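Below: one structure, written as structure tokens.
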Number of protein chains: 2
Amino acid sequence: MATEIWNYQDKIEFSKEKANKVQLGETANSRSTLWCLLPGQHIHPHVHAGDHIWVVLEGEGEFLQEGLEPTSISAGAVLLAPAGDSHGVNNSGSQGLVFVSISAG
Amino acid sequence: MATEIWNYQDKIEFSKEKANKVQLGETANSRSTLWCLLPGQHIHPHVHAGDHIWVVLEGEGEFLQEGLEPTSISAGAVLLAPAGDSHGVNNSGSQGLVFVSISAG
């Protein structure tokens, strides 16, 4: 595949049903996704074989990890959950929570 | 390592000498970096074995790829350069250019 460039704002798509995952690009090495959560929506903590890196672009919420207290995150946060670490998020704010998620490995 | 969370604004560090690379986190699967370029600074097009994903957080510039015309990028751009694709950037704007770079694979 060739290099691809998106503007994340063009890809934002919320769902009233659940946290919405918009696929950006995927290769053998990585998967890039835009997550869009309305206020009150969440992703339950879960574990992957690879790393997950999140870059929060809009909104605020609570980062969730099994056995730990929630941690506040907001636009500007960059988060690295290494392989095997659980990670989830709750949109505890009053606006949409939008972040890029990259999984690697 | 445990999950790490940064605010990218706390990590911004420009250098008058050259495009500045601020390391965030590194595992066996990925390397996460914050690139900070003053106006006029650039990264020559180069190739890696793995994918590179960029998330532009501040500023504007030209994405450079060997053999292709430059492409304008600005805050909000998400870019996926798969393994083997050359990629570079020129800060052609009037303010600092700041982006997260994640290499995978």
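Residue numbers start at 1 in each chain; chains themselves are named A, B, ... in the order of the structure tokens; ligands are numbered from 1 in the order shown.
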Considering only C-alpha atoms, extract the chain B residues located within 10 Å of chain A and return them as a compact mmCIF listing (two decimals) with all heavy atoms, in the first residue's frame.
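And here is the file that came out, part_25.txt:
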```
# COMPACT_ATOMS: atom_id res chain seq x y z
N MET B 1 7.13 -2.93 31.49
CA MET B 1 6.80 -1.55 31.88
C MET B 1 5.30 -1.39 32.08
O MET B 1 4.50 -2.11 31.49
CB MET B 1 7.28 -0.57 30.80
CG MET B 1 6.65 -0.79 29.43
SD MET B 1 7.02 0.57 28.26
CE MET B 1 5.86 1.83 28.80
N ALA B 2 4.92 -0.43 32.88
CA ALA B 2 3.51 -0.12 33.10
C ALA B 2 3.04 0.85 32.01
O ALA B 2 3.85 1.43 31.29
CB ALA B 2 3.33 0.52 34.47
N THR B 3 1.72 1.00 31.92
CA THR B 3 1.16 1.99 31.01
C THR B 3 1.67 3.37 31.38
O THR B 3 1.76 3.72 32.56
CB THR B 3 -0.37 1.95 31.09
OG1 THR B 3 -0.82 0.70 30.56
CG2 THR B 3 -1.00 3.08 30.31
N GLU B 4 2.01 4.16 30.37
CA GLU B 4 2.47 5.53 30.62
C GLU B 4 1.56 6.51 29.91
O GLU B 4 1.07 6.22 28.82
CB GLU B 4 3.90 5.71 30.12
CG GLU B 4 4.92 4.93 30.93
CD GLU B 4 6.33 5.38 30.58
OE1 GLU B 4 6.73 6.48 30.99
OE2 GLU B 4 7.02 4.63 29.89
N ILE B 5 1.34 7.65 30.54
CA ILE B 5 0.51 8.70 29.96
C ILE B 5 1.29 10.01 30.04
O ILE B 5 1.80 10.36 31.11
CB ILE B 5 -0.83 8.85 30.72
CG1 ILE B 5 -1.58 7.52 30.77
CG2 ILE B 5 -1.70 9.93 30.06
CD1 ILE B 5 -2.88 7.57 31.57
N TRP B 6 1.39 10.68 28.90
CA TRP B 6 2.02 11.99 28.85
C TRP B 6 1.02 13.00 28.32
O TRP B 6 0.10 12.64 27.59
CB TRP B 6 3.22 12.00 27.89
CG TRP B 6 4.24 10.95 28.10
CD1 TRP B 6 5.38 11.04 28.87
CD2 TRP B 6 4.26 9.63 27.54
NE1 TRP B 6 6.08 9.87 28.80
CE2 TRP B 6 5.43 8.98 28.00
CE3 TRP B 6 3.42 8.91 26.69
CZ2 TRP B 6 5.77 7.68 27.65
CZ3 TRP B 6 3.76 7.61 26.34
CH2 TRP B 6 4.91 7.01 26.82
N ASN B 7 1.23 14.29 28.65
CA ASN B 7 0.57 15.34 27.89
C ASN B 7 1.63 15.87 26.93
O ASN B 7 2.71 16.29 27.36
CB ASN B 7 0.06 16.46 28.81
CG ASN B 7 -0.73 17.48 28.02
OD1 ASN B 7 -0.23 18.02 27.02
ND2 ASN B 7 -1.95 17.74 28.42
N TYR B 8 1.32 15.84 25.66
CA TYR B 8 2.36 16.17 24.67
C TYR B 8 2.90 17.58 24.89
O TYR B 8 4.08 17.86 24.61
CB TYR B 8 1.86 15.97 23.24
CG TYR B 8 1.14 17.15 22.66
CD1 TYR B 8 1.84 18.18 22.02
CD2 TYR B 8 -0.25 17.28 22.76
CE1 TYR B 8 1.18 19.28 21.51
CE2 TYR B 8 -0.91 18.37 22.23
CZ TYR B 8 -0.19 19.37 21.62
OH TYR B 8 -0.84 20.47 21.11
N GLN B 9 2.04 18.49 25.40
CA GLN B 9 2.50 19.87 25.57
C GLN B 9 3.62 19.98 26.61
O GLN B 9 4.46 20.87 26.54
CB GLN B 9 1.32 20.77 25.95
CG GLN B 9 0.37 20.95 24.75
CD GLN B 9 -0.98 21.51 25.14
OE1 GLN B 9 -1.55 21.14 26.16
NE2 GLN B 9 -1.52 22.39 24.30
N ASP B 10 3.62 19.05 27.57
CA ASP B 10 4.69 19.04 28.57
C ASP B 10 6.01 18.56 27.99
O ASP B 10 7.07 18.71 28.63
CB ASP B 10 4.32 18.12 29.74
CG ASP B 10 3.10 18.59 30.49
OD1 ASP B 10 2.79 19.79 30.42
OD2 ASP B 10 2.44 17.75 31.14
N LEU B 24 9.35 9.40 23.85
CA LEU B 24 8.27 9.17 24.81
C LEU B 24 8.45 7.77 25.40
O LEU B 24 8.92 7.63 26.51
CB LEU B 24 6.91 9.34 24.14
CG LEU B 24 6.62 10.75 23.60
CD1 LEU B 24 5.30 10.79 22.84
CD2 LEU B 24 6.61 11.79 24.72
N GLY B 25 8.09 6.75 24.66
CA GLY B 25 8.21 5.39 25.20
C GLY B 25 8.68 4.42 24.15
O GLY B 25 8.48 4.62 22.95
N GLU B 26 9.29 3.33 24.60
CA GLU B 26 9.79 2.32 23.68
C GLU B 26 9.59 0.94 24.28
O GLU B 26 9.83 0.73 25.47
CB GLU B 26 11.28 2.57 23.43
CG GLU B 26 11.87 1.59 22.44
CD GLU B 26 13.26 2.00 21.93
OE1 GLU B 26 13.73 3.10 22.29
OE2 GLU B 26 13.86 1.21 21.20
N THR B 27 9.11 0.04 23.46
CA THR B 27 8.98 -1.37 23.87
C THR B 27 9.59 -2.22 22.75
O THR B 27 10.09 -1.69 21.76
CB THR B 27 7.50 -1.78 24.05
OG1 THR B 27 6.91 -1.98 22.77
CG2 THR B 27 6.71 -0.75 24.83
N ALA B 28 9.45 -3.53 22.88
CA ALA B 28 9.93 -4.42 21.81
C ALA B 28 9.09 -4.24 20.54
O ALA B 28 9.54 -4.55 19.44
CB ALA B 28 9.88 -5.86 22.28
N ASN B 29 7.85 -3.73 20.70
CA ASN B 29 6.92 -3.63 19.56
C ASN B 29 6.84 -2.27 18.90
O ASN B 29 6.41 -2.16 17.75
CB ASN B 29 5.49 -3.97 20.02
CG ASN B 29 5.39 -5.36 20.59
OD1 ASN B 29 5.81 -6.32 19.97
ND2 ASN B 29 4.83 -5.47 21.79
N SER B 30 7.16 -1.22 19.65
CA SER B 30 6.90 0.14 19.13
C SER B 30 7.83 1.16 19.78
O SER B 30 8.34 0.96 20.88
CB SER B 30 5.44 0.53 19.43
OG SER B 30 5.25 0.71 20.83
N ARG B 31 7.99 2.26 19.06
CA ARG B 31 8.72 3.40 19.59
C ARG B 31 7.85 4.63 19.35
O ARG B 31 7.40 4.87 18.23
CB ARG B 31 10.08 3.57 18.88
CG ARG B 31 11.10 2.51 19.29
CD ARG B 31 12.21 2.34 18.27
NE ARG B 31 11.69 1.99 16.95
CZ ARG B 31 11.16 0.79 16.63
NH1 ARG B 31 11.09 -0.17 17.55
NH2 ARG B 31 10.71 0.56 15.41
N SER B 32 7.60 5.39 20.43
CA SER B 32 6.75 6.58 20.36
C SER B 32 7.60 7.81 20.64
O SER B 32 8.31 7.87 21.65
CB SER B 32 5.61 6.49 21.39
OG SER B 32 4.80 5.37 21.13
N LEU B 34 7.97 12.32 20.08
CA LEU B 34 7.38 13.62 19.74
C LEU B 34 8.41 14.41 18.94
O LEU B 34 9.50 14.70 19.44
CB LEU B 34 6.99 14.38 21.01
CG LEU B 34 6.16 15.64 20.78
CD1 LEU B 34 4.74 15.28 20.35
CD2 LEU B 34 6.12 16.50 22.04
N GLY B 50 9.98 -0.74 9.53
CA GLY B 50 8.61 -0.84 10.04
C GLY B 50 7.71 0.29 9.52
O GLY B 50 8.15 1.16 8.77
N ASP B 51 6.43 0.23 9.93
CA ASP B 51 5.50 1.32 9.63
C ASP B 51 5.84 2.55 10.47
O ASP B 51 6.38 2.43 11.57
CB ASP B 51 4.07 0.94 10.03
CG ASP B 51 3.51 -0.21 9.22
OD1 ASP B 51 4.12 -0.59 8.21
OD2 ASP B 51 2.44 -0.71 9.63
N HIS B 52 5.48 3.72 9.94
CA HIS B 52 5.48 4.93 10.75
C HIS B 52 4.10 5.56 10.68
O HIS B 52 3.56 5.74 9.59
CB HIS B 52 6.55 5.92 10.30
CG HIS B 52 7.82 5.74 11.05
ND1 HIS B 52 8.50 6.75 11.68
CD2 HIS B 52 8.51 4.62 11.32
CE1 HIS B 52 9.56 6.26 12.28
NE2 HIS B 52 9.60 4.97 12.08
N ILE B 53 3.54 5.90 11.84
CA ILE B 53 2.27 6.59 11.90
C ILE B 53 2.52 7.93 12.58
O ILE B 53 3.12 7.98 13.65
CB ILE B 53 1.22 5.78 12.69
CG1 ILE B 53 0.95 4.45 12.00
CG2 ILE B 53 -0.09 6.57 12.81
CD1 ILE B 53 1.57 3.26 12.66
N TRP B 54 2.08 9.00 11.93
CA TRP B 54 2.24 10.34 12.48
C TRP B 54 0.88 10.92 12.80
O TRP B 54 -0.07 10.78 12.03
CB TRP B 54 2.92 11.27 11.47
CG TRP B 54 4.37 10.98 11.20
CD1 TRP B 54 5.15 10.02 11.78
CD2 TRP B 54 5.23 11.66 10.27
NE1 TRP B 54 6.43 10.07 11.26
CE2 TRP B 54 6.50 11.07 10.34
CE3 TRP B 54 5.02 12.73 9.39
CZ2 TRP B 54 7.57 11.50 9.55
CZ3 TRP B 54 6.09 13.17 8.60
CH2 TRP B 54 7.35 12.55 8.69
N VAL B 55 0.80 11.62 13.94
CA VAL B 55 -0.41 12.37 14.28
C VAL B 55 0.04 13.81 14.52
O VAL B 55 0.77 14.09 15.48
CB VAL B 55 -1.10 11.80 15.55
CG1 VAL B 55 -2.38 12.59 15.86
CG2 VAL B 55 -1.42 10.32 15.38
N VAL B 56 -0.39 14.71 13.63
CA VAL B 56 0.07 16.11 13.70
C VAL B 56 -0.78 16.87 14.70
O VAL B 56 -2.01 16.91 14.58
CB VAL B 56 0.01 16.79 12.31
CG1 VAL B 56 0.56 18.21 12.40
CG2 VAL B 56 0.79 15.98 11.27
N LEU B 57 -0.13 17.49 15.67
CA LEU B 57 -0.82 18.14 16.78
C LEU B 57 -0.79 19.66 16.69
O LEU B 57 -1.72 20.33 17.15
CB LEU B 57 -0.23 17.68 18.11
CG LEU B 57 -0.39 16.17 18.35
CD1 LEU B 57 0.53 15.69 19.46
CD2 LEU B 57 -1.84 15.83 18.67
N PHE B 63 4.60 17.20 3.69
CA PHE B 63 5.05 15.82 3.79
C PHE B 63 5.87 15.51 2.54
O PHE B 63 5.45 15.81 1.42
CB PHE B 63 3.85 14.88 3.90
CG PHE B 63 4.24 13.43 3.92
CD1 PHE B 63 4.94 12.91 4.99
CD2 PHE B 63 3.93 12.61 2.86
CE1 PHE B 63 5.31 11.57 5.00
CE2 PHE B 63 4.28 11.27 2.86
CZ PHE B 63 4.98 10.75 3.94
N GLN B 65 8.08 12.81 0.14
CA GLN B 65 8.30 11.41 -0.21
C GLN B 65 9.09 11.38 -1.51
O GLN B 65 8.77 12.12 -2.45
CB GLN B 65 6.93 10.72 -0.38
CG GLN B 65 6.95 9.31 0.11
CD GLN B 65 5.57 8.73 0.33
OE1 GLN B 65 4.58 9.20 -0.21
NE2 GLN B 65 5.51 7.68 1.13
N THR B 71 3.14 17.06 -0.07
CA THR B 71 1.72 17.11 0.28
C THR B 71 1.56 17.96 1.53
O THR B 71 2.27 17.76 2.51
CB THR B 71 1.20 15.69 0.59
OG1 THR B 71 1.47 14.84 -0.51
CG2 THR B 71 -0.30 15.71 0.89
N SER B 72 0.63 18.92 1.50
CA SER B 72 0.41 19.77 2.67
C SER B 72 -0.19 18.95 3.82
O SER B 72 -1.13 18.18 3.61
CB SER B 72 -0.56 20.90 2.33
OG SER B 72 0.04 21.76 1.40
N ILE B 73 0.35 19.13 5.01
CA ILE B 73 -0.24 18.54 6.21
C ILE B 73 -0.34 19.62 7.27
O ILE B 73 0.41 20.60 7.25
CB ILE B 73 0.58 17.34 6.74
CG1 ILE B 73 2.04 17.74 7.00
CG2 ILE B 73 0.51 16.16 5.78
CD1 ILE B 73 2.86 16.65 7.67
N SER B 74 -1.28 19.45 8.17
CA SER B 74 -1.44 20.42 9.26
C SER B 74 -2.07 19.70 10.45
O SER B 74 -2.40 18.52 10.37
CB SER B 74 -2.31 21.60 8.81
OG SER B 74 -3.56 21.15 8.38
N ALA B 75 -2.20 20.43 11.56
CA ALA B 75 -2.76 19.85 12.78
C ALA B 75 -4.05 19.11 12.44
O ALA B 75 -4.92 19.64 11.75
CB ALA B 75 -3.02 20.95 13.81
N GLY B 76 -4.16 17.88 12.90
CA GLY B 76 -5.33 17.05 12.61
C GLY B 76 -5.04 15.96 11.60
O GLY B 76 -5.83 15.03 11.45
N ALA B 77 -3.90 16.05 10.93
CA ALA B 77 -3.55 15.01 9.95
C ALA B 77 -3.06 13.76 10.68
O ALA B 77 -2.32 13.84 11.66
CB ALA B 77 -2.47 15.52 9.00
N VAL B 78 -3.49 12.62 10.17
CA VAL B 78 -2.99 11.31 10.62
C VAL B 78 -2.42 10.65 9.37
O VAL B 78 -3.08 10.59 8.34
CB VAL B 78 -4.10 10.44 11.21
CG1 VAL B 78 -3.54 9.10 11.67
CG2 VAL B 78 -4.80 11.15 12.36
N LEU B 79 -1.19 10.18 9.47
CA LEU B 79 -0.46 9.71 8.30
C LEU B 79 0.11 8.33 8.57
O LEU B 79 0.68 8.09 9.64
CB LEU B 79 0.65 10.74 8.06
CG LEU B 79 1.54 10.63 6.84
CD1 LEU B 79 2.06 12.02 6.49
CD2 LEU B 79 2.70 9.69 7.11
N LEU B 80 -0.07 7.42 7.65
CA LEU B 80 0.47 6.07 7.78
C LEU B 80 1.43 5.81 6.63
O LEU B 80 1.00 5.70 5.47
CB LEU B 80 -0.67 5.04 7.77
CG LEU B 80 -0.29 3.57 7.58
CD1 LEU B 80 0.70 3.10 8.64
CD2 LEU B 80 -1.53 2.69 7.59
N ALA B 81 2.71 5.74 6.94
CA ALA B 81 3.73 5.38 5.94
C ALA B 81 4.11 3.93 6.22
O ALA B 81 4.78 3.64 7.21
CB ALA B 81 4.94 6.29 6.05
N PRO B 82 3.67 3.00 5.37
CA PRO B 82 3.96 1.59 5.64
C PRO B 82 5.45 1.29 5.46
O PRO B 82 6.18 2.07 4.85
CB PRO B 82 3.11 0.85 4.61
CG PRO B 82 2.86 1.83 3.52
CD PRO B 82 2.89 3.18 4.14
N ALA B 83 5.87 0.17 6.00
CA ALA B 83 7.27 -0.25 5.93
C ALA B 83 7.78 -0.11 4.50
O ALA B 83 7.11 -0.52 3.56
CB ALA B 83 7.39 -1.69 6.39
N GLY B 84 8.93 0.51 4.33
CA GLY B 84 9.56 0.61 3.02
C GLY B 84 9.22 1.88 2.27
O GLY B 84 9.89 2.20 1.29
N ASP B 85 8.17 2.62 2.69
CA ASP B 85 7.83 3.90 2.04
C ASP B 85 8.69 5.01 2.66
O ASP B 85 8.75 5.14 3.88
CB ASP B 85 6.35 4.25 2.28
CG ASP B 85 5.48 3.83 1.11
OD1 ASP B 85 5.84 2.85 0.44
OD2 ASP B 85 4.45 4.48 0.88
N SER B 86 9.28 5.81 1.82
CA SER B 86 10.07 6.92 2.34
C SER B 86 9.14 7.98 2.91
O SER B 86 7.99 8.11 2.48
CB SER B 86 10.95 7.53 1.25
OG SER B 86 10.17 8.21 0.30
N HIS B 87 9.65 8.72 3.89
CA HIS B 87 8.83 9.77 4.51
C HIS B 87 9.74 10.80 5.15
O HIS B 87 10.74 10.48 5.77
CB HIS B 87 7.86 9.17 5.55
CG HIS B 87 8.53 8.29 6.54
ND1 HIS B 87 8.97 7.03 6.27
CD2 HIS B 87 8.85 8.51 7.84
CE1 HIS B 87 9.51 6.50 7.34
NE2 HIS B 87 9.47 7.37 8.31
N VAL B 100 3.30 13.50 16.91
CA VAL B 100 3.66 12.22 17.50
C VAL B 100 4.01 11.28 16.36
O VAL B 100 3.29 11.22 15.35
CB VAL B 100 2.51 11.63 18.33
CG1 VAL B 100 2.83 10.21 18.78
CG2 VAL B 100 2.22 12.49 19.54
N ILE B 102 4.86 7.21 15.70
CA ILE B 102 4.90 5.86 16.26
C ILE B 102 5.47 4.93 15.20
O ILE B 102 4.96 4.88 14.08
CB ILE B 102 3.50 5.41 16.69
CG1 ILE B 102 3.04 6.25 17.88
CG2 ILE B 102 3.49 3.93 17.06
CD1 ILE B 102 1.63 6.67 17.81
N SER B 103 6.52 4.23 15.56
CA SER B 103 7.04 3.23 14.62
C SER B 103 6.67 1.86 15.15
O SER B 103 6.72 1.60 16.35
CB SER B 103 8.55 3.38 14.44
OG SER B 103 9.22 3.15 15.63
N ALA B 104 6.29 1.01 14.21
CA ALA B 104 5.77 -0.31 14.56
C ALA B 104 6.35 -1.34 13.60
O ALA B 104 6.26 -1.18 12.39
CB ALA B 104 4.25 -0.31 14.46
N GLY B 105 6.93 -2.39 14.15
CA GLY B 105 7.41 -3.48 13.31
C GLY B 105 8.87 -3.31 12.95
O GLY B 105 9.48 -2.30 13.23
```
- Item | Polymer residues at most 7 Å from B:Phe14, only C-alpha atoms, same-chain spacing of 6 or more positions, as a list in words | Asn20, Cys36, Leu37 and Leu38 of chain B
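Computed from the coordinates, the atom CA of A:Val89 to atom CA of A:Gly67 distance equals 14.0 Å.
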- Message: Between atom CA of A:Ser94 and atom CA of A:Lys16, what distance in Å does the model show, to one decimal?
- Response: 14.7 Å
- Query: Taking the backbone alone, and naming residues the way the document does, which bits of stretch 5-76 of chain B are helix (DSSP H, G or I) by DSSP, as a PyMOL selection string?
  - Reply: chain B and resi 8-11
